[in-house]
>>> print(open('final.txt').read())   # compact mmCIF, C-alpha atoms
# COMPACT_ATOMS: atom_id res chain seq x y z
CA MET A 1 108.12 146.65 126.40
CA GLU A 2 108.41 143.07 125.23
CA GLN A 3 106.36 142.16 122.16
CA ALA A 4 104.81 138.72 121.88
CA PRO A 5 106.47 136.69 119.11
CA GLY A 6 104.46 135.86 115.97
CA LYS A 7 103.63 132.29 116.91
CA LEU A 8 102.73 131.08 120.34
CA ASP A 9 104.10 127.67 121.36
CA TYR A 10 101.10 126.14 123.08
CA LEU A 11 103.07 123.18 124.35
CA ASN A 12 105.40 125.54 126.12
CA PRO A 13 103.90 129.04 126.09
CA LEU A 14 106.19 130.25 128.84
CA LYS A 15 109.18 129.59 126.59
CA THR A 16 107.59 131.62 123.82
CA LEU A 17 106.95 134.56 126.10
CA PRO A 18 109.78 134.71 128.67
CA SER A 19 108.22 137.70 130.38
CA ALA A 20 105.04 135.67 130.92
CA PHE A 21 107.18 133.24 132.92
CA THR A 22 108.52 136.10 135.01
CA ALA A 23 105.02 137.49 135.35
CA LEU A 24 103.72 134.16 136.52
CA LYS A 25 106.58 133.77 139.00
CA GLU A 26 105.82 137.23 140.32
CA ALA A 27 102.13 136.51 140.35
CA VAL A 28 102.47 133.60 142.76
CA LYS A 29 104.51 135.75 145.14
CA ILE A 30 101.92 138.52 145.34
CA LYS A 31 99.67 138.29 148.32
CA ASN A 32 96.78 139.55 146.27
CA LYS A 33 95.94 136.54 144.05
CA SER A 34 94.01 138.43 141.41
CA PHE A 35 96.78 138.16 138.79
CA TRP A 36 97.25 134.44 139.37
CA GLU A 37 93.50 133.93 139.27
CA ARG A 38 93.37 135.75 135.98
CA VAL A 39 96.20 133.58 134.63
CA SER A 40 94.48 130.48 135.87
CA ILE A 41 91.19 131.48 134.25
CA PHE A 42 93.11 132.24 131.08
CA TRP A 43 94.70 128.75 130.87
CA ASP A 44 91.50 126.96 131.84
CA SER A 45 89.56 128.80 129.20
CA PHE A 46 92.32 128.22 126.63
CA LYS A 47 92.45 124.47 127.36
CA GLU A 48 88.69 124.25 127.20
CA GLU A 49 88.42 125.97 123.83
CA MET A 50 91.31 124.05 122.27
CA GLY A 51 89.95 120.79 123.71
CA ALA A 52 86.52 121.47 122.23
CA LEU A 53 88.13 122.24 118.88
CA ASN A 54 90.17 119.03 118.91
CA LYS A 55 87.04 117.09 119.85
CA GLU A 56 85.20 118.63 116.90
CA LYS A 57 88.10 117.68 114.60
CA GLU A 58 88.08 114.13 115.91
CA GLU A 59 84.33 113.91 115.28
CA VAL A 60 84.79 115.09 111.69
CA SER A 61 87.59 112.52 111.18
CA SER A 62 85.74 109.61 112.71
CA GLU A 63 82.63 110.39 110.68
CA ALA A 64 84.72 110.46 107.47
CA ARG A 65 86.53 107.25 108.50
CA ALA A 66 83.27 105.38 109.11
CA LEU A 67 81.71 106.50 105.84
CA ILE A 68 84.84 105.73 103.80
CA ALA A 69 85.17 102.29 105.42
CA LYS A 70 81.56 101.58 104.37
CA GLU A 71 82.25 102.67 100.77
CA ASN A 72 85.51 100.71 100.64
CA SER A 73 83.78 97.63 101.95
CA GLU A 74 81.12 97.97 99.25
CA VAL A 75 83.78 98.21 96.53
CA THR A 76 85.76 95.33 98.06
CA ASP A 77 82.55 93.28 97.72
CA ILE A 78 82.81 93.82 93.96
CA VAL A 79 86.35 92.36 94.06
CA VAL A 80 85.12 89.47 96.23
CA ASP A 81 82.39 88.71 93.67
CA GLU A 82 85.15 88.42 91.05
CA ILE A 83 86.77 85.67 93.13
CA ASN A 84 83.71 83.51 92.45
CA TYR A 85 83.71 80.60 94.91
CA HIS A 86 83.06 77.40 92.92
CA GLU A 87 81.81 75.13 95.61
CA GLN A 88 80.23 75.67 98.94
CA VAL A 89 83.00 77.46 100.81
CA GLU A 90 82.26 78.05 104.48
CA ASP A 91 81.49 81.65 105.46
CA ASN A 92 84.41 81.76 107.89
CA ASP A 93 86.78 80.59 105.10
CA GLN A 94 85.43 83.31 102.82
CA GLU A 95 86.00 85.82 105.60
CA PHE A 96 89.52 84.42 106.13
CA PHE A 97 90.27 84.81 102.43
CA ARG A 98 88.91 88.33 102.40
CA SER A 99 90.89 89.52 105.42
CA ASN A 100 94.09 87.55 104.67
CA VAL A 101 94.34 87.84 100.92
CA ILE A 102 92.05 90.44 99.36
CA GLU A 103 92.38 93.22 101.95
CA PRO A 104 96.20 93.04 102.36
CA VAL A 105 96.73 92.75 98.60
CA LEU A 106 94.57 95.84 98.00
CA GLN A 107 96.38 97.73 100.75
CA ASN A 108 99.75 96.84 99.23
CA LEU A 109 98.60 97.83 95.76
CA GLY A 110 97.46 101.18 97.13
CA SER A 111 100.70 101.76 99.04
CA ASP A 112 102.07 105.26 98.62
CA ARG A 113 105.40 103.68 97.64
CA PHE A 114 103.86 103.31 94.17
CA THR A 115 103.00 106.13 91.83
CA GLU A 116 99.68 106.04 89.97
CA GLU A 117 101.58 105.08 86.83
CA GLN A 118 103.38 102.19 88.55
CA ARG A 119 100.05 100.98 89.96
CA GLY A 120 98.73 100.82 86.41
CA TYR A 121 101.79 98.82 85.31
CA ILE A 122 101.28 96.41 88.22
CA VAL A 123 97.68 95.77 87.18
CA ASP A 124 98.87 95.16 83.58
CA GLY A 125 101.65 92.86 84.85
CA LEU A 126 99.26 90.88 87.03
CA LYS A 127 96.87 90.43 84.09
CA LYS A 128 99.74 88.77 82.19
CA PHE A 129 100.35 86.38 85.10
CA LYS A 130 96.62 85.57 85.18
CA GLU A 131 96.52 84.87 81.43
CA SER A 132 99.61 82.71 81.77
CA SER A 133 98.15 80.79 84.73
CA GLU A 134 95.20 79.97 82.46
CA GLY A 135 97.63 78.43 79.97
CA GLU A 136 97.70 81.34 77.54
CA THR A 137 100.87 82.99 76.31
CA PRO A 138 100.51 86.71 76.96
CA THR A 139 102.53 89.37 75.18
CA GLN A 140 105.91 89.61 76.86
CA ILE A 141 105.94 91.63 80.05
CA THR A 142 107.66 94.99 79.61
CA GLU A 143 110.46 96.52 81.64
CA GLU A 144 108.03 99.14 83.03
CA GLN A 145 105.61 96.41 84.11
CA LEU A 146 108.14 93.92 85.49
CA SER A 147 109.86 96.05 88.15
CA PRO A 148 106.75 97.36 89.95
CA THR A 149 105.03 93.97 89.64
CA LEU A 150 108.04 92.31 91.31
CA ALA A 151 108.12 95.04 93.96
CA PHE A 152 104.41 94.52 94.61
CA SER A 153 104.94 90.74 94.95
CA LEU A 154 107.78 91.33 97.40
CA MET A 155 105.57 93.67 99.42
CA ASN A 156 103.00 90.90 99.77
CA LEU A 157 105.67 88.42 100.85
CA LYS A 158 107.10 90.93 103.32
CA LYS A 159 103.66 91.41 104.85
CA LEU A 160 103.33 87.64 105.26
CA LYS A 161 106.74 87.52 106.93
CA GLU A 162 105.73 90.23 109.39
CA GLN A 163 102.49 88.41 110.12
CA TYR A 164 104.10 84.96 110.49
CA PRO A 165 107.78 85.15 111.50
CA ASN A 166 107.84 81.39 112.09
CA SER A 167 108.37 79.26 108.98
CA SER A 168 105.95 76.44 109.88
CA ASP A 169 103.17 78.90 110.87
CA LEU A 170 103.68 80.66 107.58
CA LYS A 171 103.54 77.35 105.67
CA ASN A 172 100.23 76.48 107.37
CA HIS A 173 98.87 79.91 106.53
CA LEU A 174 99.92 79.58 102.88
CA ASP A 175 98.40 76.08 102.73
CA LYS A 176 95.08 77.39 103.99
CA ILE A 177 95.07 80.23 101.44
CA ILE A 178 95.87 77.77 98.65
CA GLU A 179 93.21 75.34 99.82
CA ILE A 180 90.47 78.00 99.78
CA SER A 181 91.67 79.53 96.52
CA ALA A 182 91.39 76.11 94.85
CA ASN A 183 87.63 76.67 94.93
CA THR A 184 87.81 80.05 93.20
CA ASP A 185 88.59 81.43 89.75
CA TYR A 186 92.06 82.28 91.14
CA PRO A 187 93.72 79.02 92.20
CA LEU A 188 96.91 80.34 93.76
CA GLU A 189 98.68 77.00 93.99
CA LYS A 190 99.69 77.26 90.36
CA LEU A 191 101.38 80.59 91.00
CA VAL A 192 103.56 78.97 93.64
CA THR A 193 104.34 75.65 91.97
CA ASP A 194 104.18 76.21 88.21
CA ARG A 195 107.37 77.83 86.91
CA ASP A 196 105.94 77.74 83.38
CA ILE A 197 103.69 80.66 84.36
CA LEU A 198 106.72 82.94 84.70
CA LEU A 199 108.32 81.47 81.58
CA ARG A 200 105.21 82.32 79.52
CA VAL A 201 105.07 85.86 80.95
CA LEU A 202 108.71 86.29 79.91
CA ASN A 203 108.06 84.46 76.60
CA LEU A 204 110.86 81.96 77.26
CA GLU A 205 111.21 78.21 76.71
CA ASP A 206 113.28 77.72 79.85
CA PHE A 207 115.74 79.60 82.06
CA SER A 208 118.86 78.52 80.15
CA ILE A 209 121.52 81.11 79.39
CA THR A 210 120.60 80.98 75.67
CA GLU A 211 116.95 81.68 76.43
CA LEU A 212 117.72 84.36 79.01
CA TRP A 213 119.87 86.11 76.43
CA LYS A 214 116.65 86.75 74.46
CA ILE A 215 115.41 88.98 77.24
CA ARG A 216 118.79 90.56 77.88
CA ASN A 217 117.37 94.11 77.81
CA LEU A 218 114.86 93.20 80.48
CA GLY A 219 117.56 91.27 82.37
CA PHE A 220 120.18 94.00 82.18
CA SER A 221 117.66 96.55 83.35
CA LEU A 222 116.82 94.46 86.42
CA LEU A 223 120.45 93.52 87.08
CA GLY A 224 121.37 97.19 86.81
CA LYS A 225 118.85 98.07 89.50
CA PHE A 226 120.55 95.61 91.85
CA ASP A 227 124.09 96.27 90.62
CA LEU A 228 124.56 92.51 90.38
CA GLY A 229 126.58 92.16 87.20
CA THR A 230 126.09 89.54 84.52
CA GLU A 231 127.83 86.89 86.61
CA VAL A 232 124.55 86.01 88.29
CA PHE A 233 123.37 84.63 84.94
CA LYS A 234 125.50 81.66 85.99
CA MET A 235 122.97 81.08 88.73
CA VAL A 236 120.77 79.11 86.39
CA ASP A 237 123.60 77.33 84.58
CA PRO A 238 123.04 73.58 85.02
CA THR A 239 126.79 72.95 84.77
CA LEU A 240 127.55 75.33 87.63
CA ASN A 241 130.66 74.16 89.54
CA GLU A 242 131.41 74.73 93.22
CA GLU A 243 133.65 77.74 92.55
CA ASP A 244 131.02 79.47 90.43
CA ARG A 245 128.41 78.65 93.01
CA GLU A 246 130.44 80.38 95.74
CA SER A 247 130.98 83.36 93.49
CA VAL A 248 127.27 83.76 92.66
CA LEU A 249 126.40 83.25 96.31
CA SER A 250 128.83 85.94 97.35
CA ILE A 251 127.37 88.46 94.87
CA LEU A 252 123.81 87.67 95.94
CA GLY A 253 124.71 87.96 99.60
CA LYS A 254 126.51 91.27 99.30
CA LYS A 255 124.19 92.97 96.87
CA LEU A 256 120.76 91.49 97.46
CA PHE A 257 120.74 90.31 101.06
CA PRO A 258 123.30 92.40 103.03
CA ASN A 259 121.13 92.52 106.16
CA THR A 260 120.27 88.82 106.00
CA LEU A 261 124.01 88.13 106.06
CA GLU A 262 124.61 89.91 109.34
CA ASN A 263 125.24 86.73 111.28
CA VAL A 264 126.74 83.32 110.61
CA GLN A 265 123.46 81.49 111.02
CA ASN A 266 121.93 83.64 108.32
CA ALA A 267 124.96 83.06 106.08
CA GLU A 268 124.15 79.34 106.31
CA ASN A 269 120.50 80.15 105.71
CA LEU A 270 121.47 82.13 102.67
CA LYS A 271 123.04 79.00 101.17
CA THR A 272 119.72 77.23 101.72
CA LEU A 273 117.92 80.18 100.15
CA TYR A 274 120.23 80.08 97.15
CA ASP A 275 119.74 76.32 96.76
CA HIS A 276 115.98 76.81 96.80
CA LEU A 277 116.19 79.56 94.21
CA TYR A 278 118.65 77.62 92.04
CA ASN A 279 116.59 74.42 92.15
CA THR A 280 113.38 76.28 91.32
CA VAL A 281 114.76 78.42 88.52
CA SER A 282 116.75 75.60 86.94
CA GLY A 283 113.75 73.29 87.25
CA LYS A 284 115.65 70.71 89.32
CA LYS A 285 113.10 70.82 92.08
CA GLY A 286 109.65 72.36 92.16
CA MET A 287 108.57 75.14 94.49
CA ASN A 288 106.08 74.39 97.24
CA THR A 289 104.68 76.21 100.27
CA GLN A 290 107.31 74.68 102.56
CA ILE A 291 110.16 76.09 100.45
CA LEU A 292 108.39 79.42 99.89
CA ALA A 293 107.81 79.80 103.64
CA GLU A 294 111.50 79.03 104.29
CA ILE A 295 112.64 81.58 101.71
CA ILE A 296 110.38 84.30 103.15
CA THR A 297 111.50 83.50 106.69
CA ILE A 298 115.22 83.57 105.84
CA ILE A 299 115.21 86.98 104.12
CA ASP A 300 115.66 89.89 106.53
CA VAL A 301 112.74 92.32 106.35
CA ARG A 302 115.19 95.18 105.68
CA ASP A 303 116.37 93.35 102.55
CA PHE A 304 112.78 93.14 101.37
CA TYR A 305 112.58 96.93 101.65
CA LEU A 306 115.95 97.29 99.94
CA MET A 307 114.82 95.20 96.96
CA ILE A 308 111.43 96.96 96.76
CA ASP A 309 113.05 100.41 96.80
CA ARG A 310 115.58 99.45 94.16
CA LEU A 311 112.91 97.99 91.90
CA LEU A 312 110.88 101.17 92.18
CA SER A 313 113.79 103.57 91.77
CA MET B 1 81.92 115.66 86.98
CA ASN B 2 83.21 112.81 84.81
CA LYS B 3 84.87 109.64 86.13
CA GLU B 4 88.45 110.74 85.42
CA LEU B 5 87.96 114.10 87.11
CA LEU B 6 86.34 112.44 90.13
CA GLN B 7 89.33 110.05 90.39
CA SER B 8 91.88 112.83 90.19
CA GLU B 9 90.01 115.02 92.73
CA ILE B 10 89.72 112.09 95.15
CA LEU B 11 93.47 111.41 94.90
CA LYS B 12 94.18 115.07 95.67
CA LEU B 13 91.79 115.08 98.65
CA LEU B 14 93.38 111.89 100.03
CA ASN B 15 96.62 113.80 100.65
CA PHE B 16 94.88 115.94 103.28
CA SER B 17 92.33 113.52 104.64
CA SER B 18 92.53 112.19 108.19
CA ILE B 19 91.24 108.71 107.28
CA SER B 20 93.59 105.81 108.06
CA ASP B 21 96.47 104.83 105.75
CA PRO B 22 95.04 101.34 104.99
CA GLU B 23 91.72 102.93 103.91
CA LYS B 24 93.60 105.47 101.78
CA ALA B 25 95.59 102.61 100.22
CA LYS B 26 92.41 100.70 99.43
CA ILE B 27 90.92 103.72 97.67
CA ARG B 28 94.11 104.17 95.62
CA ALA B 29 94.09 100.46 94.69
CA LEU B 30 90.41 100.33 93.78
CA ILE B 31 89.93 103.74 92.24
CA GLU B 32 90.36 102.47 88.67
CA PHE B 33 87.66 99.84 89.12
CA MET B 34 85.16 101.82 91.18
CA PRO B 35 81.69 102.41 89.78
CA LYS B 36 80.85 106.10 89.39
CA LYS B 37 78.31 105.81 92.21
CA ASN B 38 81.05 104.95 94.73
CA LEU B 39 83.44 107.52 93.31
CA LYS B 40 80.78 110.19 93.78
CA SER B 41 80.09 109.12 97.37
CA ILE B 42 83.79 109.03 98.27
CA PHE B 43 84.34 112.42 96.66
CA LYS B 44 81.39 113.84 98.62
CA ILE B 45 82.66 112.40 101.93
CA LEU B 46 86.24 113.61 101.41
CA SER B 47 85.30 117.09 100.21
CA LYS B 48 82.86 117.50 103.12
CA GLU B 49 85.63 116.44 105.52
CA ALA B 50 88.09 118.84 103.87
CA LYS B 51 85.63 121.76 104.16
CA LYS B 52 84.92 121.04 107.83
CA ILE B 53 88.63 120.67 108.64
CA LYS B 54 89.35 123.92 106.82
CA LEU B 55 86.71 125.73 108.89
CA LEU B 56 88.06 124.22 112.09
CA ASN B 57 91.62 125.26 111.17
CA GLU B 58 90.39 128.81 110.64
CA LYS B 59 88.63 128.66 113.98
CA LYS B 60 91.87 127.41 115.56
CA LYS B 61 93.75 130.37 114.11
CA ARG B 62 91.16 132.77 115.54
CA ILE B 63 91.42 131.14 118.97
CA GLU B 64 95.22 131.30 118.81
CA LEU B 65 95.05 134.98 117.95
CA LYS B 66 92.56 135.69 120.70
CA TYR B 67 94.77 134.01 123.30
CA LYS B 68 97.91 135.61 121.94
CA LEU B 69 96.28 139.00 122.46
CA MET B 70 95.16 137.97 125.93
CA VAL B 71 98.68 136.87 126.88
CA ASP B 72 100.03 140.17 125.58
CA LYS B 73 97.48 142.10 127.60
CA LEU B 74 98.06 140.06 130.73
CA VAL B 75 101.84 140.40 130.55
CA ASN B 76 101.72 144.09 129.71
CA SER B 77 99.33 144.88 132.53
CA HIS B 78 101.55 142.98 134.97
CA ILE B 79 104.75 144.70 133.76
CA SER B 80 103.19 148.15 133.97
CA GLY B 81 101.86 147.28 137.44
CA GLN B 82 105.40 146.31 138.52
CA GLN B 83 106.85 149.55 137.07
CA LYS B 84 104.39 151.69 139.04
CA LYS B 85 105.65 150.17 142.30
CA PRO B 86 108.17 152.45 144.09
>>> encode(input="final.txt", output="structure tokens")
Amino acid sequence: MEQAPGKLDYLNPLKTLPSAFTALKEAVKIKNKSFWERVSIFWDSFKEEMGALNKEKEEVSSEARALIAKENSEVTDIVVDEINYHEQVEDNDQEFFRSNVIEPVLQNLGSDRFTEEQRGYIVDGLKKFKESSEGETPTQITEEQLSPTLAFSLMNLKKLKEQYPNSSDLKNHLDKIIEISANTDYPLEKLVTDRDILLRVLNLEDFSITELWKIRNLGFSLLGKFDLGTEVFKMVDPTLNEEDRESVLSILGKKLFPNTLENVQNAENLKTLYDHLYNTVSGKKGMNTQILAEIITIIDVRDFYLMIDRLLS
Amino acid sequence: MNKELLQSEILKLLNFSSISDPEKAKIRALIEFMPKKNLKSIFKILSKEAKKIKLLNEKKKRIELKYKLMVDKLVNSHISGQQKKP
């Protein structure tokens, strides 16, 4: 006699118990419907009990979700209080800032891509950027802090890209964020436009080769993660000639932005991206929301993931 | 329970909770800065959820077993009925 296997496949119980299939086939042929009726009662009762169980589970989940959302909202309020709006900022602008800056940033910080330890390093790294944006010179950022902090920043940019695939929409969005943040203790415009903030975090005078050499350990560690080679140091060289430029561009394209380079249009865009990066890092031209929006739009979202994963590896 | 223990227990419970990923992420991001009052509440909510889900999973297993036995019985009675036929 056939024994029922250990685990019943409820999605396809007849597959689990082949004889049940035969039995059912036989049952429908029999003039006397008692067997079929019994089978029918069996499945109805089974569906009913499992349905009630799933409903109970859903009730437990939705109760937990509602209560957690309430607690999270209460704690987010504490973060919002930290923002400290200086002037009368309209309620809808405060709500915009909360849902477009605070909430996504918290969600990215809590991403399961980061370990608890990395999350701690990110918070430490961000504190250094805050100190620097206030004109202080923090202690130099460490290798452990730099990689996850960069990965976290890229995650925020990636989220913006997904939200606003169009460059001019993204620029408008960034402008609005910057405008509201100007009336808080966290004016974000500086973070976009002031390259000295990064220089102070890295404890450098400028991005010249001589200065960069001072943070070679930090640099080599990052370059190693991207397998870029020291040639990209040329990127910031003010005397960069056309040949060197092509060579740096080629390395960046192959190693950093392979997906962005999938078509000719993007290859052209990559040149624009490189020019933006070169001008910003070398100090030839300042960064602004227009350029930042263009950079974010040009980079393929898969390359964002690639960079984030490498930084966290 | 002290603050550190509450934080570590909450992080463990999050792995099995059915709350949404963005809410989980927010807890992970804010856990270091949460006042003990909120940590206690979150711990209470998550452990209550875990207990209820555990009970429901046990109930599910009992139902599965009950129906497995019923299928066995149904099939066996049909097969023996078929064998008795000339």
>>> interface_residues(input="final.txt", of="chain B", to="chain A", cutoff="8 Å", atoms="all atoms listed in the file", output="PyMOL selection string")
chain B and resi 18-20+22-30+34+38+41-42+45-46+49+52-53+56+60+63-64+67-68+70-72+74-76+78-79
>>> atom_distance(input="final.txt", atom1="atom CA of B:Gln7", atom2="atom CA of A:Gly125")
21.9 Å
>>> closest_atom_pairs(input="final.txt", of="stretch 117-174 of chain A", to="stretch 179-192 of chain A", cutoff="9 Å", atoms="only C-alpha atoms", output="JSON lines")
{"residue": "A:Phe129", "atom": "CA", "partner": "A:Leu191", "partner_atom": "CA", "distance": 8.3}
{"residue": "A:Lys130", "atom": "CA", "partner": "A:Tyr186", "partner_atom": "CA", "distance": 8.2}
{"residue": "A:Ser133", "atom": "CA", "partner": "A:Lys190", "partner_atom": "CA", "distance": 6.8}
{"residue": "A:Leu174", "atom": "CA", "partner": "A:Glu179", "partner_atom": "CA", "distance": 8.5}
>>> atom_distance(input="final.txt", atom1="atom CA of A:Glu90", atom2="atom CA of A:Thr193")
25.5 Å
>>> atom_distance(input="final.txt", atom1="atom CA of B:Glu32", atom2="atom CA of A:Asn84")
20.4 Å
>>> residues_around(input="final.txt", residues="stretch 281-297 of chain A", least_positions_apart="5", cutoff="6 Å", atoms="all atoms listed in the file", output="ChimeraX atom specification")
/A:167,170-171,193,236,273
>>> residues_near_point(input="final.txt", point="(90.5, 113.8, 101.6)", cutoff="7 Å", atoms="only C-alpha atoms", output="PDB file with C-alpha atoms, keeping the file's coordinate frame")
ATOM      1  CA  ILE B  10      89.720 112.090  95.150  1.00  0.00           C
ATOM      2  CA  LEU B  13      91.790 115.080  98.650  1.00  0.00           C
ATOM      3  CA  LEU B  14      93.380 111.890 100.030  1.00  0.00           C
ATOM      4  CA  ASN B  15      96.620 113.800 100.650  1.00  0.00           C
ATOM      5  CA  PHE B  16      94.880 115.940 103.280  1.00  0.00           C
ATOM      6  CA  SER B  17      92.330 113.520 104.640  1.00  0.00           C
ATOM      7  CA  LEU B  46      86.240 113.610 101.410  1.00  0.00           C
ATOM      8  CA  SER B  47      85.300 117.090 100.210  1.00  0.00           C
ATOM      9  CA  GLU B  49      85.630 116.440 105.520  1.00  0.00           C
ATOM     10  CA  ALA B  50      88.090 118.840 103.870  1.00  0.00           C
TER      11      ALA B  50
END
>>> closest_residue(input="final.txt", among="A:Val301, A:Ile209, A:Leu160, A:Leu240", to="A:Thr260", atoms="only C-alpha atoms")
A:Val301
>>> residues_around(input="final.txt", residues="A:Ser147", least_positions_apart="3", cutoff="7 Å", atoms="all atoms listed in the file", output="ChimeraX atom specification")
/A:143-144,150-151,311-312
>>> closest_residue(input="final.txt", among="A:Lys158, A:Lys225, A:Lys47, A:Arg200", to="A:Tyr305", atoms="all atoms listed in the file")
A:Lys158
>>> closest_residue(input="final.txt", among="A:Leu146, A:Leu252, A:Ala267, A:Ile197", to="A:Glu134", atoms="only C-alpha atoms")
A:Ile197
